[in-house]
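Contents: one structure, followed by commentary.
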There are 2 protein chains.
Amino acid sequence: MATIKDVARIAGVSVATVSRVANNDPKVSDKTKTKVSKVMGDLGYTPNANARALVKQKSMIMGVVIPQLTDPFFASLANGVEEVARSENMQLLLSTGLFDAESERKAIALLIEQQCDIMVVHSKILSDEELTALAARKPGLVLIDRYIDAIKERCIWIDNFEGGRIAARHLISLAHQDFAVISSVHEIDDPKLRMEGFRSELNTAGFSLSEQLIELNEPNLRGGEIAAQNLLSSGKKFTAIFVYNDAMAIGAISTLEDNGFSVPNDISVLGFDDVLLSRYSRPKLSTLNYPIEEMATHAARLALRLNNKKQPQNINLDTYKYVPRLVKRESTSRFGH
Amino acid sequence: MATIKDVARIAGVSVATVSRVANNDPKVSDKTKTKVSKVMGDLGYTPNANARALVKQKSMIMGVVIPQLTDPFFASLANGVEEVARSENMQLLLSTGLFDAESERKAIALLIEQQCDIMVVHSKILSDEELTALAARKPGLVLIDRYIDAIKERCIWIDNFEGGRIAARHLISLAHQDFAVISSVHEIDDPKLRMEGFRSELNTAGFSLSEQLIELNEPNLRGGEIAAQNLLSSGKKFTAIFVYNDAMAIGAISTLEDNGFSVPNDISVLGFDDVLLSRYSRPKLSTLNYPIEEMATHAARLALRLNNKKQPQNINLDTYKYVPRLVKRESTSRFGH
DNA sequence: TTGAAAGCGCTACCAG
DNA sequence: CTGGTAGCGCTTTCAA
């Protein structure tokens with residue numbers, strides 16, 4: 001690879017001048033600029049971003065940590081960050097944390113090693129303390145989908161409890177009385193909060209949620225299938241299911257229909273997330289919209305601002321909290337038609 | 001951020017020693033190692049990957065270029081590369097090329113600037129010449145989903161023509177006689193090759209494909225909906241559709257059913273790709289499996305090998321070509337039951 | 001408008 | 001086993 005020195009030597013100028021040309025410094029004569037540019041082209045010169053980052057003490061890399069890429073929800077998250085990176089002429093460094101603490105910790109550490117000072121982190125596993133300490137060290141780190149009170153000005157999150165309540169209200173308004181829940185087996189707050197919100201609203205309306213009609217499983221299509229199967233096997237009656245996410249909901253519908261139940265005629269199914277796929281499943285999935293891409297964009301921009309030390313003057317923390325929005329499609333309907 | 005010098009000063013050793021400890025060099029006394037490690041911990045020292053890459057003339061970054069992240073097909077591709085990166089203790093730098101030449105060119109250039117010498121590139125837009133020139137400069141660059149004869153030992157690709165033939169054979173074997181095609185409007189080889197293969201096999205069997213029953217649109221759910229609508233509007237008869245990809249196929253099914261046609265009873269629909277979602281759509285989608293994640297893993301490993309100058313001794317180019325595999329589910333059935 | 005040179009943080013070579 | 005130091009490719013003063 002040709003370096004700045006090669007260009008300088010061949011063009012008969014100093015490296016300083018080449019650097020100026022490479023960076024579009026206005027105080028270079030047109031003549032020199034033309035000459036140097038030509039040599040750059042001939043040699044196929046590409047500036048070394050590592051060297052540049054080293055001397056400038058800042059890299060043009062934006063980092064994002066997500067559990068996995070194949071989940072469309074997280075792909076959307078990454079995509080939101082990528083859009084901001086692109087608009088800032090930055091590059092996207094992506095680390096996956098799987099779902100265990102050690103990988104997640106390592107994913108973040110690797111990002112830091114790469115000197116990326118803007119990072120959007122999705123972590124459900126690491127403790128509040130650990131994340132808070134990390135945030136203290138990296139001003140440009142923002143958490144997404146997580147709320148930690150000590151660093152609330154660094155958190156872009158969604159109100160899961162309220163989501164559960166909205167779900168309950170919807171199902172109740174449809175005259176259902178026997179509810180089931182399919183949730184995630186993962187030991188994180190989201191499923192718990194959603195379920196609490198759901199139960200809370202149910203109780204308020206005078207209904208209750210039977211423990212036997214709560215099924216936990218992996219938050220993916222397969223998990224939804226299994227959970228629905230278990231629900232069916234329980235023999236208990238239910239006419240509406242609130243499901244942890246769209247993937248599980250679609251898996252559940254698949255099992256339900258394979259077993260001769262019609263959705264929503266026999267059983268209503270309500271998802272969560274509103275991934276693109278939910279619009280195209282059959283029946284089209286009623287769900288709660290989780291504006292993850294918008295949130296990711298927000299988080300990335302916030303990280304950018306925070307890193308510039310420009311503490312936002314009048315931050316309105318309310319805007320950091322998102323509330324899921326009911327999207328009524330076809331998988332939920334009035335009980336008994 | 002604490003640097004190696006800070007650690008050296010506080011630990012009372014030279015930077016050389018700190019470097020050795022950081023790199024697990026065996027010839028450091030346990031005593032020194034313990035002492036230095038402690039200081040590293042106290043200071044929260046993190047090695048600077050940029051500086052390291054600069055002096056070692058190699059980065060621990062693996063790059064991948066895809067059009068976009070939100071398409072599950074490309075997410076799987078990226079995921080395959082990511083798995084290899086992880087297993088090699090490397091980081092994943094992801095650039096999206098959208099679908100235009102300039103962005104794609106820039107995406108690759110940025111990866112090169114970041115000194116990532118292992119790259120898996122999905123490019124449908126750039127010319128054979130441009131890509132060949134790029135490959136000549138970067139020994140660790142591998143193309144995926146593209147075949148260029150001049151650099152065939154750097155291409156991991158799928159036989160689209162054969163895919164089209166397999167599709168035709170399947171539909172013919174189901175006694176269909178009136179075929180439609182929904183394909184991508186993009187000016188790339190894949191849709192053309194698939195259609196050629198499809199048509200070729202049709203002709204061989206004595207059938208023909210009417211130009212009026214070929215609909216091109218954007219290769220996504222929405223595009224599939226519109227294309228199916230147009231097919232319906234044409235008034236021409238067809239009982240089987242070969243669709244460019246699963247997303248379009250699901251969009252098409254959506255439109256078909258909204259218009260009162262049952263899939264597969266009235267019309268059979270065959271997709272392409274076999275993304276996870278195809279297993280969970282209603283009806284479950286018959287499709288051609290495109291082992292993209294496996295191919296991506298293969299590509300990443302190949303890039304790794306090539307970059308190590310270790311020209312694979314006995315490369316079997318046949319293994320670089322993948323053939324789609326028919327996955328029969330529910331969206332295709334025998335004509336007239 | 002241009003050049004010389006210091007130095008970013010690190011590794012690797014050479015001495016000791 | 002440890003230290004001194006050159007130098008990776010680049011930017012950025014400071015001088016000219």
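As shown in the structure tokens, the chain order sets the letters A, B, ...; within each chain, residues go from 1, and ligands are also counted from 1 in the order they appear.
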At a cut-off of 12 Å, which residues of chain C touch chain B? Count only C-alpha atoms (C1' of nucleotides) and give the answer as a ChimeraX atom specification.
/C:8-13
Output the selection as a CSV table (one decimal), in the first residue's frame - N, CA and C atoms (P, O5', C5', C4', C3', O3' and C1' of nucleotides) for each residue.
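Ended up saving to selection-v4.csv:
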```csv
chain,number,residue,atom,x,y,z
C,8,DC,P,3.1,12.0,22.4
C,8,DC,O5',1.7,11.4,22.1
C,8,DC,C5',0.6,12.1,21.6
C,8,DC,C4',-0.3,11.2,20.7
C,8,DC,C3',-0.2,9.8,21.2
C,8,DC,O3',-1.4,9.5,22.0
C,8,DC,C1',0.1,10.0,18.8
C,9,DG,P,-1.2,8.9,23.4
C,9,DG,O5',-1.0,7.3,23.0
C,9,DG,C5',-2.1,6.6,22.4
C,9,DG,C4',-1.6,5.3,22.0
C,9,DG,C3',-1.0,4.5,23.2
C,9,DG,O3',-1.6,3.2,23.2
C,9,DG,C1',0.5,4.5,21.4
C,10,DC,P,-1.2,2.0,24.2
C,10,DC,O5',-0.2,1.2,23.2
C,10,DC,C5',-0.8,0.6,22.1
C,10,DC,C4',0.3,0.1,21.1
C,10,DC,C3',1.2,-1.0,21.6
C,10,DC,O3',0.6,-2.2,21.2
C,10,DC,C1',2.4,0.7,20.4
C,11,DT,P,1.3,-3.6,21.7
C,11,DT,O5',2.5,-3.8,20.6
C,11,DT,C5',2.2,-3.9,19.3
C,11,DT,C4',3.4,-4.1,18.4
C,11,DT,C3',4.3,-5.3,18.8
C,11,DT,O3',4.7,-5.8,17.5
C,11,DT,C1',5.6,-3.4,18.9
C,12,DA,P,5.3,-7.3,17.4
C,12,DA,O5',6.8,-7.0,17.1
C,12,DA,C5',7.2,-6.2,16.0
C,12,DA,C4',8.7,-6.0,16.0
C,12,DA,C3',9.4,-7.2,16.4
C,12,DA,O3',10.7,-7.2,15.7
C,12,DA,C1',9.9,-5.5,17.9
C,13,DC,P,11.4,-8.5,15.4
C,13,DC,O5',12.9,-8.0,15.2
C,13,DC,C5',13.1,-6.7,14.6
C,13,DC,C4',14.2,-6.0,15.3
C,13,DC,C3',15.3,-6.9,15.8
C,13,DC,O3',16.5,-6.4,15.2
C,13,DC,C1',14.6,-5.5,17.5
```
Can you check which residues of segment 190-299 of chain B DSSP gives as alpha helix (DSSP H) on the backbone and send them as JSON, numbers by chain?
{"B": [190, 191, 192, 193, 194, 195, 196, 197, 198, 199, 200, 201, 202, 203, 204, 221, 222, 223, 224, 225, 226, 227, 228, 229, 230, 231, 232, 233, 234, 246, 247, 248, 249, 250, 251, 252, 253, 254, 255, 256, 257, 258, 292, 293, 294, 295, 296, 297, 298, 299]}
Can you pull out the residues contacting segment 98-100 of chain A? Cut-off 9 Å, using only C-alpha atoms (C1' of nucleotides), and skip same-chain residues under 4 positions away; I want them as a PDB file with C-alpha atoms, in the first residue's frame.
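The file below, result-v7.pdb, is the result:
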```
ATOM      1  CA  ILE A  66     -26.469  -6.075  20.053  1.00  0.00           C
ATOM      2  CA  PRO A  67     -27.139  -9.669  21.074  1.00  0.00           C
ATOM      3  CA  GLN A  68     -27.369 -11.000  17.551  1.00  0.00           C
ATOM      4  CA  GLU A 104     -21.240  -8.722  26.189  1.00  0.00           C
ATOM      5  CA  ARG A 105     -18.462  -7.395  28.328  1.00  0.00           C
ATOM      6  CA  SER A 123     -27.276  -4.748  27.222  1.00  0.00           C
ATOM      7  CA  LYS A 124     -29.759  -6.623  29.300  1.00  0.00           C
ATOM      8  CA  ILE A 125     -27.272  -8.729  31.132  1.00  0.00           C
ATOM      9  CA  LEU A 126     -24.660  -6.504  32.681  1.00  0.00           C
ATOM     10  CA  HIS A 186     -34.768 -14.725  29.691  1.00  0.00           C
TER      11      HIS A 186
END
```
At most 12 Å is the cut-off: for each residue in chain D with any atom that close to an atom of chain B, write down the nearest atom pair and the distance in Å rounded to one decimal, counting only C-alpha atoms (C1' of nucleotides), chain first then increasing number, as JSON lines.
```
{"residue": "D:DC1", "atom": "C1'", "partner": "B:Val28", "partner_atom": "CA", "distance": 6.1}
{"residue": "D:DT2", "atom": "C1'", "partner": "B:Thr17", "partner_atom": "CA", "distance": 6.9}
{"residue": "D:DG3", "atom": "C1'", "partner": "B:Ser14", "partner_atom": "CA", "distance": 6.0}
{"residue": "D:DG4", "atom": "C1'", "partner": "B:Ser14", "partner_atom": "CA", "distance": 8.6}
{"residue": "D:DT5", "atom": "C1'", "partner": "B:Ala16", "partner_atom": "CA", "distance": 10.1}
{"residue": "D:DA6", "atom": "C1'", "partner": "B:Val55", "partner_atom": "CA", "distance": 11.4}
{"residue": "D:DG7", "atom": "C1'", "partner": "B:Val55", "partner_atom": "CA", "distance": 8.0}
{"residue": "D:DC8", "atom": "C1'", "partner": "B:Val55", "partner_atom": "CA", "distance": 4.2}
{"residue": "D:DG9", "atom": "C1'", "partner": "B:Leu54", "partner_atom": "CA", "distance": 7.4}
{"residue": "D:DC10", "atom": "C1'", "partner": "B:Leu54", "partner_atom": "CA", "distance": 10.3}
```
Using only C-alpha atoms (C1' of nucleotides), which residues sit within 12 Å of Lys192 of chain A once same-chain residues fewer than 4 positions away are excluded, as an mmCIF file with N, CA, C and O atoms, in the first residue's frame?
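Heads up, here's the output in out_3.cif:
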```cif
data_model
loop_
_atom_site.group_PDB
_atom_site.id
_atom_site.type_symbol
_atom_site.label_atom_id
_atom_site.label_comp_id
_atom_site.auth_asym_id
_atom_site.auth_seq_id
_atom_site.Cartn_x
_atom_site.Cartn_y
_atom_site.Cartn_z
ATOM 1 N N ASP A 159 -41.267 2.041 27.606
ATOM 2 C CA ASP A 159 -42.014 1.768 28.821
ATOM 3 C C ASP A 159 -42.736 0.426 28.690
ATOM 4 O O ASP A 159 -43.867 0.356 28.219
ATOM 5 N N ASN A 160 -42.081 -0.626 29.122
ATOM 6 C CA ASN A 160 -42.633 -1.964 28.985
ATOM 7 C C ASN A 160 -43.877 -2.187 29.833
ATOM 8 O O ASN A 160 -44.821 -2.865 29.412
ATOM 9 N N PHE A 161 -43.858 -1.607 31.011
ATOM 10 C CA PHE A 161 -45.007 -1.754 31.902
ATOM 11 C C PHE A 161 -46.259 -1.187 31.234
ATOM 12 O O PHE A 161 -47.300 -1.834 31.167
ATOM 13 N N GLU A 162 -46.097 0.015 30.710
ATOM 14 C CA GLU A 162 -47.219 0.648 30.014
ATOM 15 C C GLU A 162 -47.647 -0.194 28.812
ATOM 16 O O GLU A 162 -48.837 -0.299 28.510
ATOM 17 N N GLY A 163 -46.662 -0.806 28.147
ATOM 18 C CA GLY A 163 -46.989 -1.678 27.018
ATOM 19 C C GLY A 163 -47.912 -2.803 27.451
ATOM 20 O O GLY A 163 -48.896 -3.121 26.776
ATOM 21 N N GLY A 164 -47.605 -3.399 28.594
ATOM 22 C CA GLY A 164 -48.447 -4.468 29.110
ATOM 23 C C GLY A 164 -49.860 -3.974 29.392
ATOM 24 O O GLY A 164 -50.853 -4.654 29.112
ATOM 25 N N VAL A 181 -50.626 -15.791 28.658
ATOM 26 C CA VAL A 181 -49.442 -14.995 28.325
ATOM 27 C C VAL A 181 -48.329 -15.921 27.881
ATOM 28 O O VAL A 181 -48.086 -16.961 28.495
ATOM 29 N N ILE A 182 -47.701 -15.549 26.786
ATOM 30 C CA ILE A 182 -46.492 -16.254 26.364
ATOM 31 C C ILE A 182 -45.377 -15.239 26.492
ATOM 32 O O ILE A 182 -45.430 -14.162 25.894
ATOM 33 N N SER A 183 -44.396 -15.581 27.304
ATOM 34 C CA SER A 183 -43.351 -14.592 27.543
ATOM 35 C C SER A 183 -41.966 -15.209 27.376
ATOM 36 O O SER A 183 -41.830 -16.399 27.092
ATOM 37 N N SER A 184 -40.972 -14.371 27.548
ATOM 38 C CA SER A 184 -39.605 -14.835 27.350
ATOM 39 C C SER A 184 -39.045 -15.437 28.630
ATOM 40 O O SER A 184 -39.307 -14.964 29.723
ATOM 41 N N VAL A 185 -38.271 -16.448 28.458
ATOM 42 C CA VAL A 185 -37.688 -17.128 29.593
ATOM 43 C C VAL A 185 -36.449 -16.389 30.096
ATOM 44 O O VAL A 185 -35.931 -16.669 31.172
ATOM 45 N N HIS A 186 -35.996 -15.444 29.308
ATOM 46 C CA HIS A 186 -34.768 -14.725 29.691
ATOM 47 C C HIS A 186 -34.944 -13.917 30.974
ATOM 48 O O HIS A 186 -35.975 -13.298 31.201
ATOM 49 N N GLU A 187 -33.914 -13.934 31.747
ATOM 50 C CA GLU A 187 -33.947 -13.272 33.049
ATOM 51 C C GLU A 187 -33.675 -11.784 32.917
ATOM 52 O O GLU A 187 -32.688 -11.265 33.443
ATOM 53 N N ILE A 188 -34.507 -11.110 32.207
ATOM 54 C CA ILE A 188 -34.318 -9.674 32.057
ATOM 55 C C ILE A 188 -35.603 -8.971 32.439
ATOM 56 O O ILE A 188 -36.629 -9.602 32.655
ATOM 57 N N GLU A 196 -46.194 -7.623 34.285
ATOM 58 C CA GLU A 196 -46.735 -6.886 35.432
ATOM 59 C C GLU A 196 -47.760 -5.857 34.985
ATOM 60 O O GLU A 196 -48.828 -5.720 35.584
ATOM 61 N N GLY A 197 -47.414 -5.148 33.928
ATOM 62 C CA GLY A 197 -48.339 -4.137 33.410
ATOM 63 C C GLY A 197 -49.628 -4.794 32.956
ATOM 64 O O GLY A 197 -50.736 -4.293 33.219
ATOM 65 N N PHE A 198 -49.471 -5.914 32.287
ATOM 66 C CA PHE A 198 -50.631 -6.644 31.770
ATOM 67 C C PHE A 198 -51.515 -7.095 32.922
ATOM 68 O O PHE A 198 -52.715 -6.855 32.955
ATOM 69 N N ARG A 199 -50.875 -7.692 33.895
ATOM 70 C CA ARG A 199 -51.618 -8.211 35.034
ATOM 71 C C ARG A 199 -52.273 -7.077 35.825
ATOM 72 O O ARG A 199 -53.429 -7.175 36.242
ATOM 73 N N SER A 200 -51.518 -6.025 36.007
ATOM 74 C CA SER A 200 -52.021 -4.887 36.766
ATOM 75 C C SER A 200 -53.314 -4.347 36.154
ATOM 76 O O SER A 200 -54.307 -4.102 36.847
ATOM 77 N N ILE A 214 -49.444 -19.040 31.924
ATOM 78 C CA ILE A 214 -48.265 -18.240 31.597
ATOM 79 C C ILE A 214 -47.198 -19.215 31.137
ATOM 80 O O ILE A 214 -46.839 -20.137 31.867
ATOM 81 N N LEU A 216 -43.353 -19.605 29.547
ATOM 82 C CA LEU A 216 -42.097 -18.930 29.214
ATOM 83 C C LEU A 216 -41.292 -19.802 28.265
ATOM 84 O O LEU A 216 -41.257 -21.021 28.411
ATOM 85 N N TYR A 244 -44.906 -12.135 24.051
ATOM 86 C CA TYR A 244 -43.739 -11.284 24.299
ATOM 87 C C TYR A 244 -43.219 -10.550 23.077
ATOM 88 O O TYR A 244 -42.842 -9.393 23.158
#
```
Would you mind listing what lies within 8 Å of Lys58 of chain A as a PyMOL selection string, with only C-alpha atoms (C1' of nucleotides) counted and same-chain residues fewer than 5 positions away left out?
chain A and resi 53+115-117
Which residues of chain A sit at most 8 Å from chain B, using only C-alpha atoms? Give each one's shortest atom pair and distance in Å (one decimal place), in chain and ascending residue order, as a tab-separated table.
```
residue	atom	partner	partner_atom	distance
A:Thr46	CA	B:Glu113	CA	6.1
A:Pro47	CA	B:Glu113	CA	6.0
A:Asn48	CA	B:Glu113	CA	5.3
A:Ala49	CA	B:Gln114	CA	5.0
A:Asn50	CA	B:Asn50	CA	4.8
A:Ala51	CA	B:Leu54	CA	6.3
A:Ala53	CA	B:Asn50	CA	7.0
A:Leu54	CA	B:Asn50	CA	6.2
A:Gln68	CA	B:Asn79	CA	7.9
A:Leu69	CA	B:Asn79	CA	5.9
A:Thr70	CA	B:Ala75	CA	5.7
A:Pro72	CA	B:Pro72	CA	6.7
A:Ala75	CA	B:Thr70	CA	5.7
A:Ser76	CA	B:Thr70	CA	5.8
A:Ala78	CA	B:Leu69	CA	7.6
A:Asn79	CA	B:Leu69	CA	5.9
A:Gln91	CA	B:Ser95	CA	7.0
A:Leu92	CA	B:Leu94	CA	5.6
A:Leu93	CA	B:Leu93	CA	4.5
A:Leu94	CA	B:Leu92	CA	5.6
A:Ser95	CA	B:Leu92	CA	6.7
A:Leu110	CA	B:Gln91	CA	7.6
A:Ile112	CA	B:Thr46	CA	7.5
A:Glu113	CA	B:Ala49	CA	5.3
A:Gln114	CA	B:Ala49	CA	5.0
A:Gln115	CA	B:Asn48	CA	6.8
A:Leu221	CA	B:Tyr280	CA	7.8
A:Ile250	CA	B:Tyr280	CA	6.8
A:Gly251	CA	B:Tyr280	CA	6.7
A:Ser254	CA	B:Tyr280	CA	6.7
A:Leu277	CA	B:Leu277	CA	7.8
A:Tyr280	CA	B:Gly251	CA	6.8
A:Ser281	CA	B:Ser281	CA	5.6
A:Arg282	CA	B:Arg282	CA	5.2
A:Pro283	CA	B:Arg282	CA	7.9
```
Which polymer residues have any atom within 10 Å of an atom of Ser208 of chain A, counting only C-alpha atoms (C1' of nucleotides), with same-chain residues fewer than 4 positions away left out, as a list in words?
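Those residues are Gln177, Asp178, Phe179, Phe198, Arg199, Ser200, Glu201, Leu202, Asn203 and Thr204 of chain A.
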Writer output for current selection, all heavy atoms, as a short mmCIF file (atom, residue, chain, number, x, y, z; two decimals), in the first residue's frame:
```
data_model
loop_
_atom_site.label_atom_id
_atom_site.label_comp_id
_atom_site.auth_asym_id
_atom_site.auth_seq_id
_atom_site.Cartn_x
_atom_site.Cartn_y
_atom_site.Cartn_z
N GLN A 177 -62.16 -12.58 28.31
CA GLN A 177 -62.20 -12.73 29.76
C GLN A 177 -61.17 -13.74 30.25
O GLN A 177 -60.83 -13.78 31.43
CB GLN A 177 -63.59 -13.20 30.20
CG GLN A 177 -64.69 -12.29 29.67
CD GLN A 177 -66.00 -12.53 30.39
OE1 GLN A 177 -66.07 -13.29 31.36
NE2 GLN A 177 -67.04 -11.86 29.94
N ASP A 178 -60.72 -14.58 29.31
CA ASP A 178 -59.77 -15.62 29.71
C ASP A 178 -58.44 -15.41 28.98
O ASP A 178 -58.33 -15.65 27.78
CB ASP A 178 -60.35 -16.99 29.37
CG ASP A 178 -61.68 -17.21 30.08
OD1 ASP A 178 -61.65 -17.38 31.32
OD2 ASP A 178 -62.73 -17.15 29.40
N PHE A 179 -57.47 -14.98 29.75
CA PHE A 179 -56.21 -14.54 29.15
C PHE A 179 -55.05 -15.51 29.40
O PHE A 179 -54.95 -16.11 30.47
CB PHE A 179 -55.83 -13.18 29.71
CG PHE A 179 -56.93 -12.17 29.58
CD1 PHE A 179 -57.84 -11.99 30.62
CD2 PHE A 179 -57.09 -11.42 28.42
CE1 PHE A 179 -58.88 -11.07 30.51
CE2 PHE A 179 -58.12 -10.50 28.31
CZ PHE A 179 -59.02 -10.32 29.35
N PHE A 198 -49.47 -5.91 32.29
CA PHE A 198 -50.63 -6.64 31.77
C PHE A 198 -51.52 -7.09 32.92
O PHE A 198 -52.72 -6.86 32.95
CB PHE A 198 -50.13 -7.85 30.97
CG PHE A 198 -51.19 -8.60 30.22
CD1 PHE A 198 -51.80 -8.04 29.10
CD2 PHE A 198 -51.58 -9.87 30.61
CE1 PHE A 198 -52.77 -8.74 28.38
CE2 PHE A 198 -52.55 -10.58 29.91
CZ PHE A 198 -53.15 -10.00 28.79
N ARG A 199 -50.88 -7.69 33.89
CA ARG A 199 -51.62 -8.21 35.03
C ARG A 199 -52.27 -7.08 35.82
O ARG A 199 -53.43 -7.18 36.24
CB ARG A 199 -50.67 -9.00 35.94
CG ARG A 199 -51.38 -9.83 37.00
CD ARG A 199 -50.44 -10.22 38.13
NE ARG A 199 -49.29 -10.99 37.69
CZ ARG A 199 -49.28 -12.31 37.55
NH1 ARG A 199 -50.36 -13.01 37.79
NH2 ARG A 199 -48.18 -12.93 37.18
N SER A 200 -51.52 -6.02 36.01
CA SER A 200 -52.02 -4.89 36.77
C SER A 200 -53.31 -4.35 36.15
O SER A 200 -54.31 -4.10 36.85
CB SER A 200 -50.94 -3.80 36.81
OG SER A 200 -51.50 -2.52 36.81
N GLU A 201 -53.30 -4.18 34.83
CA GLU A 201 -54.48 -3.64 34.18
C GLU A 201 -55.65 -4.64 34.22
O GLU A 201 -56.80 -4.27 34.37
CB GLU A 201 -54.14 -3.30 32.72
CG GLU A 201 -55.18 -2.47 32.02
CD GLU A 201 -55.26 -1.04 32.55
OE1 GLU A 201 -54.32 -0.61 33.26
OE2 GLU A 201 -56.27 -0.36 32.27
N LEU A 202 -55.29 -5.92 34.13
CA LEU A 202 -56.31 -6.97 34.22
C LEU A 202 -57.00 -6.89 35.58
O LEU A 202 -58.24 -6.89 35.68
CB LEU A 202 -55.64 -8.34 34.06
CG LEU A 202 -56.02 -9.22 32.86
CD1 LEU A 202 -56.15 -8.42 31.59
CD2 LEU A 202 -54.97 -10.32 32.68
N ASN A 203 -56.17 -6.81 36.60
CA ASN A 203 -56.71 -6.76 37.96
C ASN A 203 -57.60 -5.55 38.15
O ASN A 203 -58.69 -5.64 38.73
CB ASN A 203 -55.57 -6.74 38.98
CG ASN A 203 -54.80 -8.05 38.98
OD1 ASN A 203 -55.27 -9.06 38.42
ND2 ASN A 203 -53.62 -8.06 39.57
N THR A 204 -57.12 -4.42 37.66
CA THR A 204 -57.90 -3.20 37.76
C THR A 204 -59.30 -3.39 37.18
O THR A 204 -60.29 -2.87 37.68
CB THR A 204 -57.21 -2.05 37.00
OG1 THR A 204 -55.89 -1.89 37.53
CG2 THR A 204 -57.99 -0.75 37.13
#
```
Can you check which residues of segment 63-113 of chain A DSSP gives as strand (DSSP E or B) on the backbone and send them as number ranges by chain?
A: 63-66, 91-96
Output of the above residues as a short mmCIF file (atom, residue, chain, number, x, y, z; two decimals), in the first residue's frame, restricted to N, CA and C atoms:
```
data_model
loop_
_atom_site.label_atom_id
_atom_site.label_comp_id
_atom_site.auth_asym_id
_atom_site.auth_seq_id
_atom_site.Cartn_x
_atom_site.Cartn_y
_atom_site.Cartn_z
N GLY A 63 -19.76 2.54 17.25
CA GLY A 63 -19.93 1.14 17.62
C GLY A 63 -21.35 0.82 18.06
N VAL A 64 -21.73 -0.42 17.84
CA VAL A 64 -23.04 -0.83 18.32
C VAL A 64 -22.92 -2.25 18.85
N VAL A 65 -23.52 -2.47 20.00
CA VAL A 65 -23.51 -3.80 20.61
C VAL A 65 -24.94 -4.33 20.65
N ILE A 66 -25.16 -5.44 20.01
CA ILE A 66 -26.47 -6.08 20.05
C ILE A 66 -26.26 -7.56 20.33
N GLN A 91 -17.96 5.06 10.25
CA GLN A 91 -18.10 3.65 9.94
C GLN A 91 -18.77 2.92 11.10
N LEU A 92 -19.39 1.81 10.80
CA LEU A 92 -20.11 1.05 11.82
C LEU A 92 -19.33 -0.19 12.25
N LEU A 93 -18.99 -0.24 13.50
CA LEU A 93 -18.34 -1.42 14.04
C LEU A 93 -19.38 -2.14 14.89
N LEU A 94 -19.60 -3.40 14.54
CA LEU A 94 -20.69 -4.12 15.18
C LEU A 94 -20.18 -5.28 16.01
N SER A 95 -20.59 -5.32 17.25
CA SER A 95 -20.20 -6.42 18.12
C SER A 95 -21.44 -7.11 18.64
N THR A 96 -21.42 -8.41 18.61
CA THR A 96 -22.58 -9.09 19.15
C THR A 96 -22.25 -9.66 20.52
#
```
Report as a list in words all protein, DNA and RNA residues lying within 12 Å of DA6 of chain C, evaluated on only C-alpha atoms (C1' of nucleotides), omitting residues in the same chain fewer than 6 positions from it.
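Answer for this query is Val55 of chain A; DT11, DT12, DT13 and DC14 of chain D.
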Please produce an output containing N, CA and C atoms (P, O5', C5', C4', C3', O3' and C1' of nucleotides) for each residue in the selection, written as a short mmCIF file (atom, residue, chain, number, x, y, z; two decimals), in the first residue's frame.
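Writing the result to selection.cif gives the following:
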```
data_model
loop_
_atom_site.label_atom_id
_atom_site.label_comp_id
_atom_site.auth_asym_id
_atom_site.auth_seq_id
_atom_site.Cartn_x
_atom_site.Cartn_y
_atom_site.Cartn_z
N VAL A 55 -3.17 9.95 15.67
CA VAL A 55 -2.68 11.30 15.91
C VAL A 55 -3.82 12.25 16.27
P DT D 11 -3.74 12.93 7.78
"O5'" DT D 11 -3.38 13.79 9.07
"C5'" DT D 11 -4.09 13.54 10.27
"C4'" DT D 11 -3.59 14.46 11.36
"C3'" DT D 11 -3.84 15.94 11.12
"O3'" DT D 11 -4.23 16.47 12.38
"C1'" DT D 11 -1.54 15.60 11.51
P DT D 12 -4.94 17.88 12.50
"O5'" DT D 12 -3.85 18.77 13.23
"C5'" DT D 12 -3.12 18.23 14.32
"C4'" DT D 12 -1.94 19.12 14.62
"C3'" DT D 12 -2.15 20.60 14.28
"O3'" DT D 12 -1.60 21.36 15.33
"C1'" DT D 12 -0.19 19.81 13.24
P DT D 13 -2.26 22.77 15.73
"O5'" DT D 13 -1.40 23.84 14.92
"C5'" DT D 13 -0.66 24.82 15.62
"C4'" DT D 13 0.61 24.23 16.20
"C3'" DT D 13 1.71 25.28 16.23
"O3'" DT D 13 2.19 25.47 17.55
"C1'" DT D 13 2.42 23.33 15.00
P DC D 14 2.85 26.83 18.00
"O5'" DC D 14 4.18 26.88 17.10
"C5'" DC D 14 5.17 25.87 17.26
"C4'" DC D 14 6.28 26.13 16.27
"C3'" DC D 14 6.57 27.62 16.05
"O3'" DC D 14 7.98 27.81 16.09
"C1'" DC D 14 6.17 26.54 13.97
#
```
